[in-house]
Each structure stands twice: as structure tokens, then as C-alpha cells.
Amino acid sequence: MSRRDRGRQGGRFNLNRIHRAPREPDRRGWPIVRAYVPMEDAWKVSGWGTAGIVRRQPDGKLAYSVFMIDLSSGGLLEAFGAEDRTEEELQASSGEMIDLLPPFVMGEADLAARYVWGAYAMSLVEGVVWSPELMQRHLNMLPAIGGTKKWWLEQFVGPRGLVPAELFEVVVDILDAGEMPEGKEVLTAVLMEFDLLETNGLLAALRSRPGEFEECAPVADAINFHWIQERRCSPGEWVAHAVIGVMKDRVFGHSANLSMAARLVAELKKLTAGAIELRDVEWGGVEDLMIVPPGLTVVE
């Protein structure tokens, strides 16, 4: 055996010993099937929403990535997804997830990208360190928006960005308060006012589910209900999580934290087939509460 042969078989020229990680597919080049964006009114009251994108693989199967966004937790909260799915499999998994995710609706892929890239940039500013999978597997499913990370953040929380200026001030105060105990959320009194041209249908829907919407004493011209929900941390314990007030052509909603405000908006949209529209929102502290939130804890 010659020196050259020995080198090729047992030395650095032995190509069989070279192991390369498989190249990631060009997911951004796959056709977009549909996209999801945070529900606008729920987002405006809470900064809590979901964005997602579904693409068709070269073999005809579907791939998706879902991004959970929570401004009060620092922007992008989590990303997950799957590949090689049929439409039926995707619909089944969506049905299982829909009640567990922050509110979302179908929307434009470019808008979904703005939300996610902005939330991602915000999370980096907050010091989050992501695994390479986030970029390789999930962010590369989104359309690119160009610019630098600074621009991604500015188009998200800047003066003309996707985050309302007043909400961003609330979120900054929450972030400045520091990390919360596991399973807890900073108390934020959220008072929402909605326009609804005809409220009789909403009243009928609320009264048809007395176990979930508990009618209580009216105040002024408003017929009031407590929204009764099971505590996720205490299965079997059903308590009031929010208040709904119904007037002739106006609806009021109140919750004690941002995530519940988003859920309340989504529920009112469902009860009115999307007819209800957010008019105004205000945020306050413990002195503005109309209910005692379940699991209230005072942290020194």
C-alpha cells in the first residue's frame, strides 16, 4: 500500500469519517397556505396573542410554526410546530390547541411576520437566549421583513408600531417589577368598553349559560354578569374571573390581569359572532378592581 493510499484510507482524506449535519430545507421557499395573527382587539387590551404560518412542503404535506407572544413576559414566549402533516391532522391538532393559546385569527403572512420578528427582537433586549432551533426551524418559516433587529423592534413597539403606546407603558412597568412566581401574573385592572349595536342577542346568550355567566345585581343601566371559569391551577374550583356589563348599545368588560382580558375579548367576539368592537380600554391597579381575582397573592 502506498503512502497516498494509507492516507486516504486512515487519515484526513477518509471521506467516510466526515459527518456533516443535514442541511435545513428552504422552508421560506415553500408556498404559504395560510397565516394567523393576534386577534386585534384582544391584542390591544393585553399584548397577548398568537401568530402562526402554514406552508406546503414539496411532497404536498403541510408544515407549520406557531408563536406565542406575551409582552408582559418580554415578547416572544414560545415557538413550536410540526412537519409532514395532512390537512386533517393539522385541523385536529388546531382544535386541541385553540383554547390553550392566546387569541388569534387568520391574517396576512407579512403581518404575522411583523408580530413575530418584533416580539423576537423584544425578547433579545430582555436577555432571552434562544436555541438554534428557533431560527433554523421556526423563524425561517416566516417571510423576512428586512432591516436590523433595532428596526424589527421599532416597527413593533415604536410610535407607529403594533403595540399601543399606552399598553407598552403598562408592560414596561410590569417588566420592571421583576420576575413573578411560577403560575402567577401581575395584577392589572383592565376596564374595557365595547360598541355593540344590538345587545339583546348577547343577553340571551349569557343567560342561556347560567353556570358560566352568573347574573348579579345591576348597576345603573347595566345588567352585570360574573364570568365563571375553572381555575387551571386548581381543577374543580370554579370562580369569577371577569365581569361583563351589558347596556342598550354598549358593553363593559373588566378583568384583573392582561391574559384574562384577552380571553374575555375572545369570548365576547364568539358570543356576538364578531359584531362587538373595542371602543376604549384603561389599565389600573388594585384600587380599580371590581372583583377579587382568584389566587391573589401579595409579594413583598
# chains A, B, ... in the order shown; residues from 1 in each chain; ligands from 1
>>> residues_around(residues="Asp70 of chain A", least_positions_apart="2", cutoff="9 Å", atoms="only C-alpha atoms", output="ChimeraX atom specification")
/A:46-50,68,72-77,102,119,259
>>> write_last_selection(atoms="C-alpha atoms", output="compact mmCIF listing (two decimals), in the first residue's frame")
# COMPACT_ATOMS: atom_id res chain seq x y z
CA SER A 46 -53.39 42.79 26.67
CA GLY A 47 -50.36 42.43 24.37
CA TRP A 48 -51.18 38.72 24.43
CA GLY A 49 -51.60 36.84 21.15
CA THR A 50 -50.60 34.06 18.80
CA MET A 68 -46.92 32.61 21.41
CA SER A 72 -45.61 41.25 29.89
CA SER A 73 -43.25 38.25 29.76
CA GLY A 74 -40.80 40.04 27.47
CA GLY A 75 -42.09 39.47 23.94
CA LEU A 76 -41.80 36.10 22.25
CA LEU A 77 -42.74 33.44 24.76
CA PRO A 102 -53.61 33.34 23.21
CA ALA A 119 -41.55 40.03 19.61
CA SER A 259 -54.22 37.46 29.85
>>> residues_around(residues="segment 211-227 of chain A", least_positions_apart="5", cutoff="6 Å", atoms="only C-alpha atoms", output="list in words")
Leu206, Ala240, His241, Ala242, Val243, Ile244, Gly245, Val246 and Met247 of chain A
>>> residues_around(residues="Asp195 of chain A", least_positions_apart="3", cutoff="12 Å", atoms="only C-alpha atoms", output="JSON, numbers by chain")
{"A": [41, 192, 198, 199, 246, 247, 248, 249, 250, 251, 252, 253, 268, 269, 272, 274, 275, 276, 277, 278, 279, 280]}
>>> closest_residue(among="A:Leu100, A:Val190, A:Val129, A:Met260", to="Leu167 of chain A", atoms="only C-alpha atoms")
A:Val190
>>> select_by_dssp(residues="segment 20-154 of chain A", states="strand (DSSP E or B)", output="ChimeraX atom specification")
/A:32-38,48-56,62-70,75-85,104-107
>>> write_last_selection(atoms="C-alpha atoms", output="compact mmCIF listing (two decimals), in the first residue's frame")
# COMPACT_ATOMS: atom_id res chain seq x y z
CA ILE A 32 -47.81 29.73 2.07
CA VAL A 33 -51.13 28.03 2.72
CA ARG A 34 -52.38 30.41 5.42
CA ALA A 35 -51.23 32.54 8.31
CA TYR A 36 -52.53 33.60 11.70
CA VAL A 37 -52.16 36.87 13.61
CA PRO A 38 -53.18 38.01 17.11
CA TRP A 48 -51.18 38.72 24.43
CA GLY A 49 -51.60 36.84 21.15
CA THR A 50 -50.60 34.06 18.80
CA ALA A 51 -49.10 34.23 15.32
CA GLY A 52 -48.52 31.29 13.01
CA ILE A 53 -47.86 30.17 9.49
CA VAL A 54 -48.65 27.06 7.45
CA ARG A 55 -46.63 26.13 4.34
CA ARG A 56 -46.87 23.32 1.82
CA LEU A 62 -48.01 20.64 5.42
CA ALA A 63 -45.59 22.24 7.88
CA TYR A 64 -46.49 24.82 10.48
CA SER A 65 -44.93 27.02 13.12
CA VAL A 66 -46.82 28.71 15.96
CA PHE A 67 -45.50 31.63 18.02
CA MET A 68 -46.92 32.61 21.41
CA ILE A 69 -46.44 36.30 22.27
CA ASP A 70 -46.80 37.83 25.72
CA GLY A 75 -42.09 39.47 23.94
CA LEU A 76 -41.80 36.10 22.25
CA LEU A 77 -42.74 33.44 24.76
CA GLU A 78 -42.57 30.15 22.87
CA ALA A 79 -42.42 28.64 19.39
CA PHE A 80 -43.41 25.16 18.28
CA GLY A 81 -44.58 23.35 15.18
CA ALA A 82 -44.52 20.22 13.09
CA GLU A 83 -43.94 18.97 9.56
CA ASP A 84 -45.27 16.19 7.32
CA ARG A 85 -48.89 16.78 8.32
CA PHE A 104 -55.68 34.59 17.09
CA VAL A 105 -57.44 34.93 13.75
CA MET A 106 -56.48 34.28 10.14
CA GLY A 107 -54.48 37.11 8.60
>>> residues_around(residues="Glu87 of chain A", least_positions_apart="3", cutoff="9 Å", atoms="only C-alpha atoms", output="list of chain:residue names")
A:Lys61, A:Leu62, A:Leu90, A:Gln91, A:Ala92
>>> closest_residue(among="A:Gly118, A:Ala273, A:Ser123, A:Leu175", to="Gly161 of chain A", atoms="only C-alpha atoms")
A:Gly118
>>> closest_residue(among="A:Ala189, A:Tyr120, A:Val170, A:Leu134", to="Phe156 of chain A", atoms="only C-alpha atoms")
A:Tyr120
>>> residues_around(residues="Ala42 of chain A", least_positions_apart="2", cutoff="7 Å", atoms="only C-alpha atoms", output="ChimeraX atom specification")
/A:39-40,44-46,103,262,265-266
>>> write_last_selection(atoms="N, CA and C atoms", output="PDB file, in the first residue's frame")
ATOM      1  N   MET A  39     -55.564  38.280  17.555  1.00  0.00           N
ATOM      2  CA  MET A  39     -56.867  38.938  17.438  1.00  0.00           C
ATOM      3  C   MET A  39     -56.700  40.401  17.834  1.00  0.00           C
ATOM      4  N   GLU A  40     -57.048  41.308  16.946  1.00  0.00           N
ATOM      5  CA  GLU A  40     -56.673  42.716  17.120  1.00  0.00           C
ATOM      6  C   GLU A  40     -57.171  43.316  18.436  1.00  0.00           C
ATOM      7  N   LYS A  44     -54.949  44.568  21.679  1.00  0.00           N
ATOM      8  CA  LYS A  44     -54.908  45.960  22.120  1.00  0.00           C
ATOM      9  C   LYS A  44     -55.106  46.102  23.628  1.00  0.00           C
ATOM     10  N   VAL A  45     -55.845  45.173  24.234  1.00  0.00           N
ATOM     11  CA  VAL A  45     -56.083  45.289  25.671  1.00  0.00           C
ATOM     12  C   VAL A  45     -55.039  44.563  26.504  1.00  0.00           C
ATOM     13  N   SER A  46     -54.231  43.683  25.864  1.00  0.00           N
ATOM     14  CA  SER A  46     -53.392  42.790  26.666  1.00  0.00           C
ATOM     15  C   SER A  46     -51.964  42.595  26.185  1.00  0.00           C
ATOM     16  N   PRO A 103     -55.441  34.426  21.963  1.00  0.00           N
ATOM     17  CA  PRO A 103     -56.369  34.569  20.835  1.00  0.00           C
ATOM     18  C   PRO A 103     -55.683  34.913  19.517  1.00  0.00           C
ATOM     19  N   ALA A 262     -57.604  39.392  27.506  1.00  0.00           N
ATOM     20  CA  ALA A 262     -57.574  38.869  26.137  1.00  0.00           C
ATOM     21  C   ALA A 262     -58.585  37.741  25.964  1.00  0.00           C
ATOM     22  N   VAL A 265     -62.137  39.203  25.761  1.00  0.00           N
ATOM     23  CA  VAL A 265     -62.426  39.773  24.445  1.00  0.00           C
ATOM     24  C   VAL A 265     -62.755  38.664  23.447  1.00  0.00           C
ATOM     25  N   ALA A 266     -61.957  37.600  23.453  1.00  0.00           N
ATOM     26  CA  ALA A 266     -62.191  36.496  22.531  1.00  0.00           C
ATOM     27  C   ALA A 266     -63.549  35.848  22.775  1.00  0.00           C
TER      28      ALA A 266
END
>>> atom_distance(atom1="atom CA of Leu191 of chain A", atom2="atom CA of Val125 of chain A")
29.5 Å
>>> atom_distance(atom1="atom CA of Asp59 of chain A", atom2="atom CA of Pro25 of chain A")
12.5 Å
>>> select_by_dssp(residues="segment 27-225 of chain A", states="alpha helix (DSSP H)", output="short mmCIF file (atom, residue, chain, number, x, y, z; two decimals) with N, CA and C atoms, in the first residue's frame")
data_model
loop_
_atom_site.label_atom_id
_atom_site.label_comp_id
_atom_site.auth_asym_id
_atom_site.auth_seq_id
_atom_site.Cartn_x
_atom_site.Cartn_y
_atom_site.Cartn_z
N GLU A 40 -57.05 41.31 16.95
CA GLU A 40 -56.67 42.72 17.12
C GLU A 40 -57.17 43.32 18.44
N ASP A 41 -58.47 43.19 18.74
CA ASP A 41 -58.99 43.82 19.96
C ASP A 41 -58.42 43.16 21.21
N ALA A 42 -58.23 41.85 21.19
CA ALA A 42 -57.63 41.16 22.34
C ALA A 42 -56.19 41.62 22.53
N TRP A 43 -55.48 41.82 21.43
CA TRP A 43 -54.10 42.30 21.49
C TRP A 43 -54.02 43.70 22.08
N LYS A 44 -54.95 44.57 21.68
CA LYS A 44 -54.91 45.96 22.12
C LYS A 44 -55.11 46.10 23.63
N VAL A 45 -55.85 45.17 24.23
CA VAL A 45 -56.08 45.29 25.67
C VAL A 45 -55.04 44.56 26.50
N SER A 46 -54.23 43.68 25.86
CA SER A 46 -53.39 42.79 26.67
C SER A 46 -51.96 42.59 26.19
N GLU A 87 -53.85 17.80 5.93
CA GLU A 87 -54.79 18.84 6.33
C GLU A 87 -55.66 18.36 7.48
N GLU A 88 -56.07 17.12 7.44
CA GLU A 88 -56.91 16.57 8.51
C GLU A 88 -56.16 16.53 9.84
N GLU A 89 -54.90 16.14 9.81
CA GLU A 89 -54.10 16.10 11.03
C GLU A 89 -53.89 17.49 11.59
N LEU A 90 -53.69 18.45 10.69
CA LEU A 90 -53.47 19.82 11.14
C LEU A 90 -54.74 20.39 11.76
N GLN A 91 -55.88 20.13 11.16
CA GLN A 91 -57.14 20.61 11.71
C GLN A 91 -57.41 20.00 13.08
N ALA A 92 -57.10 18.72 13.24
CA ALA A 92 -57.32 18.04 14.52
C ALA A 92 -56.45 18.64 15.61
N SER A 93 -55.17 18.88 15.32
CA SER A 93 -54.28 19.45 16.32
C SER A 93 -54.65 20.89 16.63
N SER A 94 -55.14 21.63 15.64
CA SER A 94 -55.57 23.01 15.87
C SER A 94 -56.75 23.06 16.82
N GLY A 95 -57.69 22.13 16.65
CA GLY A 95 -58.84 22.08 17.53
C GLY A 95 -58.46 21.82 18.97
N GLU A 96 -57.41 21.01 19.16
CA GLU A 96 -56.96 20.70 20.52
C GLU A 96 -56.24 21.89 21.16
N MET A 97 -55.58 22.71 20.34
CA MET A 97 -54.75 23.80 20.88
C MET A 97 -55.49 25.11 21.06
N ALA A 109 -49.66 36.88 5.96
CA ALA A 109 -48.37 36.33 6.39
C ALA A 109 -47.38 37.43 6.74
N ASP A 110 -47.39 38.52 5.98
CA ASP A 110 -46.46 39.62 6.26
C ASP A 110 -46.75 40.27 7.62
N LEU A 111 -48.03 40.34 8.00
CA LEU A 111 -48.37 40.90 9.29
C LEU A 111 -47.95 39.94 10.41
N ALA A 112 -48.17 38.65 10.20
CA ALA A 112 -47.70 37.66 11.18
C ALA A 112 -46.20 37.78 11.39
N ALA A 113 -45.47 37.98 10.31
CA ALA A 113 -44.01 38.13 10.40
C ALA A 113 -43.63 39.36 11.21
N ARG A 114 -44.35 40.46 11.01
CA ARG A 114 -44.04 41.68 11.78
C ARG A 114 -44.22 41.44 13.27
N TYR A 115 -45.30 40.78 13.62
CA TYR A 115 -45.52 40.48 15.05
C TYR A 115 -44.38 39.63 15.61
N VAL A 116 -44.04 38.56 14.90
CA VAL A 116 -43.08 37.60 15.46
C VAL A 116 -41.67 38.18 15.49
N TRP A 117 -41.23 38.78 14.39
CA TRP A 117 -39.88 39.34 14.39
C TRP A 117 -39.76 40.45 15.44
N GLY A 118 -40.81 41.24 15.62
CA GLY A 118 -40.78 42.28 16.64
C GLY A 118 -40.72 41.70 18.05
N ALA A 119 -41.55 40.68 18.29
CA ALA A 119 -41.55 40.03 19.61
C ALA A 119 -40.22 39.34 19.88
N TYR A 120 -39.65 38.76 18.83
CA TYR A 120 -38.33 38.12 18.96
C TYR A 120 -37.27 39.15 19.34
N ALA A 121 -37.27 40.31 18.66
CA ALA A 121 -36.30 41.36 18.97
C ALA A 121 -36.49 41.87 20.40
N MET A 122 -37.74 41.99 20.83
CA MET A 122 -38.01 42.43 22.20
C MET A 122 -37.45 41.43 23.21
N SER A 123 -37.62 40.14 22.93
CA SER A 123 -37.13 39.11 23.84
C SER A 123 -35.60 39.16 23.96
N LEU A 124 -34.92 39.48 22.86
CA LEU A 124 -33.46 39.59 22.91
C LEU A 124 -33.04 40.75 23.80
N VAL A 125 -33.76 41.87 23.70
CA VAL A 125 -33.46 43.02 24.56
C VAL A 125 -33.65 42.64 26.02
N PRO A 132 -30.69 27.36 18.71
CA PRO A 132 -30.62 27.50 17.26
C PRO A 132 -31.89 27.02 16.55
N GLU A 133 -32.65 26.13 17.18
CA GLU A 133 -33.86 25.61 16.55
C GLU A 133 -34.86 26.70 16.24
N LYS A 149 -32.21 44.18 13.80
CA LYS A 149 -33.03 43.86 14.97
C LYS A 149 -33.62 45.13 15.58
N LYS A 150 -32.88 46.23 15.51
CA LYS A 150 -33.40 47.50 16.02
C LYS A 150 -34.65 47.92 15.25
N TRP A 151 -34.63 47.72 13.94
CA TRP A 151 -35.81 48.07 13.14
C TRP A 151 -36.96 47.12 13.44
N TRP A 152 -36.69 45.82 13.62
CA TRP A 152 -37.75 44.88 13.97
C TRP A 152 -38.46 45.33 15.23
N LEU A 153 -37.68 45.83 16.20
CA LEU A 153 -38.27 46.27 17.46
C LEU A 153 -39.03 47.58 17.28
N GLU A 154 -38.50 48.50 16.51
CA GLU A 154 -39.14 49.81 16.32
C GLU A 154 -40.49 49.67 15.62
N GLN A 155 -40.56 48.79 14.62
CA GLN A 155 -41.84 48.63 13.93
C GLN A 155 -42.86 47.88 14.79
N PHE A 156 -42.38 47.35 15.91
CA PHE A 156 -43.24 46.60 16.83
C PHE A 156 -43.75 47.49 17.97
N VAL A 157 -42.84 48.19 18.64
CA VAL A 157 -43.22 48.98 19.81
C VAL A 157 -43.00 50.47 19.61
N ALA A 165 -49.24 52.58 22.43
CA ALA A 165 -48.28 53.25 23.30
C ALA A 165 -48.66 53.13 24.77
N GLU A 166 -49.96 53.29 25.09
CA GLU A 166 -50.39 53.21 26.50
C GLU A 166 -50.18 51.81 27.05
N LEU A 167 -50.45 50.79 26.23
CA LEU A 167 -50.24 49.42 26.67
C LEU A 167 -48.76 49.16 26.91
N PHE A 168 -47.90 49.70 26.06
CA PHE A 168 -46.47 49.48 26.23
C PHE A 168 -45.99 50.07 27.56
N GLU A 169 -46.54 51.20 27.96
CA GLU A 169 -46.17 51.77 29.26
C GLU A 169 -46.56 50.83 30.40
N VAL A 170 -47.74 50.21 30.30
CA VAL A 170 -48.18 49.25 31.31
C VAL A 170 -47.22 48.06 31.35
N VAL A 171 -46.86 47.58 30.16
CA VAL A 171 -45.98 46.42 30.06
C VAL A 171 -44.60 46.71 30.64
N VAL A 172 -44.06 47.88 30.37
CA VAL A 172 -42.74 48.25 30.89
C VAL A 172 -42.76 48.24 32.41
N ASP A 173 -43.84 48.75 33.01
CA ASP A 173 -43.94 48.73 34.48
C ASP A 173 -43.96 47.30 35.01
N ILE A 174 -44.65 46.41 34.31
CA ILE A 174 -44.70 45.01 34.72
C ILE A 174 -43.32 44.37 34.62
N LEU A 175 -42.62 44.62 33.52
CA LEU A 175 -41.29 44.06 33.34
C LEU A 175 -40.31 44.60 34.38
N ASP A 176 -40.47 45.88 34.73
CA ASP A 176 -39.59 46.48 35.73
C ASP A 176 -39.83 45.90 37.13
N ASN A 200 -79.41 42.60 22.76
CA ASN A 200 -80.37 41.59 23.22
C ASN A 200 -79.86 40.17 22.95
N GLY A 201 -79.23 39.98 21.81
CA GLY A 201 -78.69 38.67 21.49
C GLY A 201 -77.61 38.25 22.46
N LEU A 202 -76.76 39.19 22.85
CA LEU A 202 -75.71 38.89 23.83
C LEU A 202 -76.34 38.54 25.18
N LEU A 203 -77.33 39.30 25.61
CA LEU A 203 -78.00 39.00 26.87
C LEU A 203 -78.60 37.59 26.86
N ALA A 204 -79.24 37.25 25.75
CA ALA A 204 -79.84 35.91 25.65
C ALA A 204 -78.77 34.83 25.73
N ALA A 205 -77.64 35.07 25.08
CA ALA A 205 -76.56 34.07 25.08
C ALA A 205 -75.97 33.91 26.49
N LEU A 206 -75.79 35.01 27.19
CA LEU A 206 -75.24 34.95 28.55
C LEU A 206 -76.21 34.22 29.50
N ARG A 207 -77.49 34.54 29.38
CA ARG A 207 -78.49 33.94 30.27
C ARG A 207 -78.74 32.47 29.96
#
>>> atom_distance(atom1="atom CA of Val186 of chain A", atom2="atom CA of His138 of chain A")
29.3 Å
>>> closest_residue(among="A:Arg231, A:Leu258, A:Pro164, A:Leu101", to="Leu187 of chain A", atoms="only C-alpha atoms")
A:Leu258
>>> closest_residue(among="A:Gly178, A:Gly285, A:Gly236, A:Pro143", to="Ser255 of chain A", atoms="only C-alpha atoms")
A:Gly285
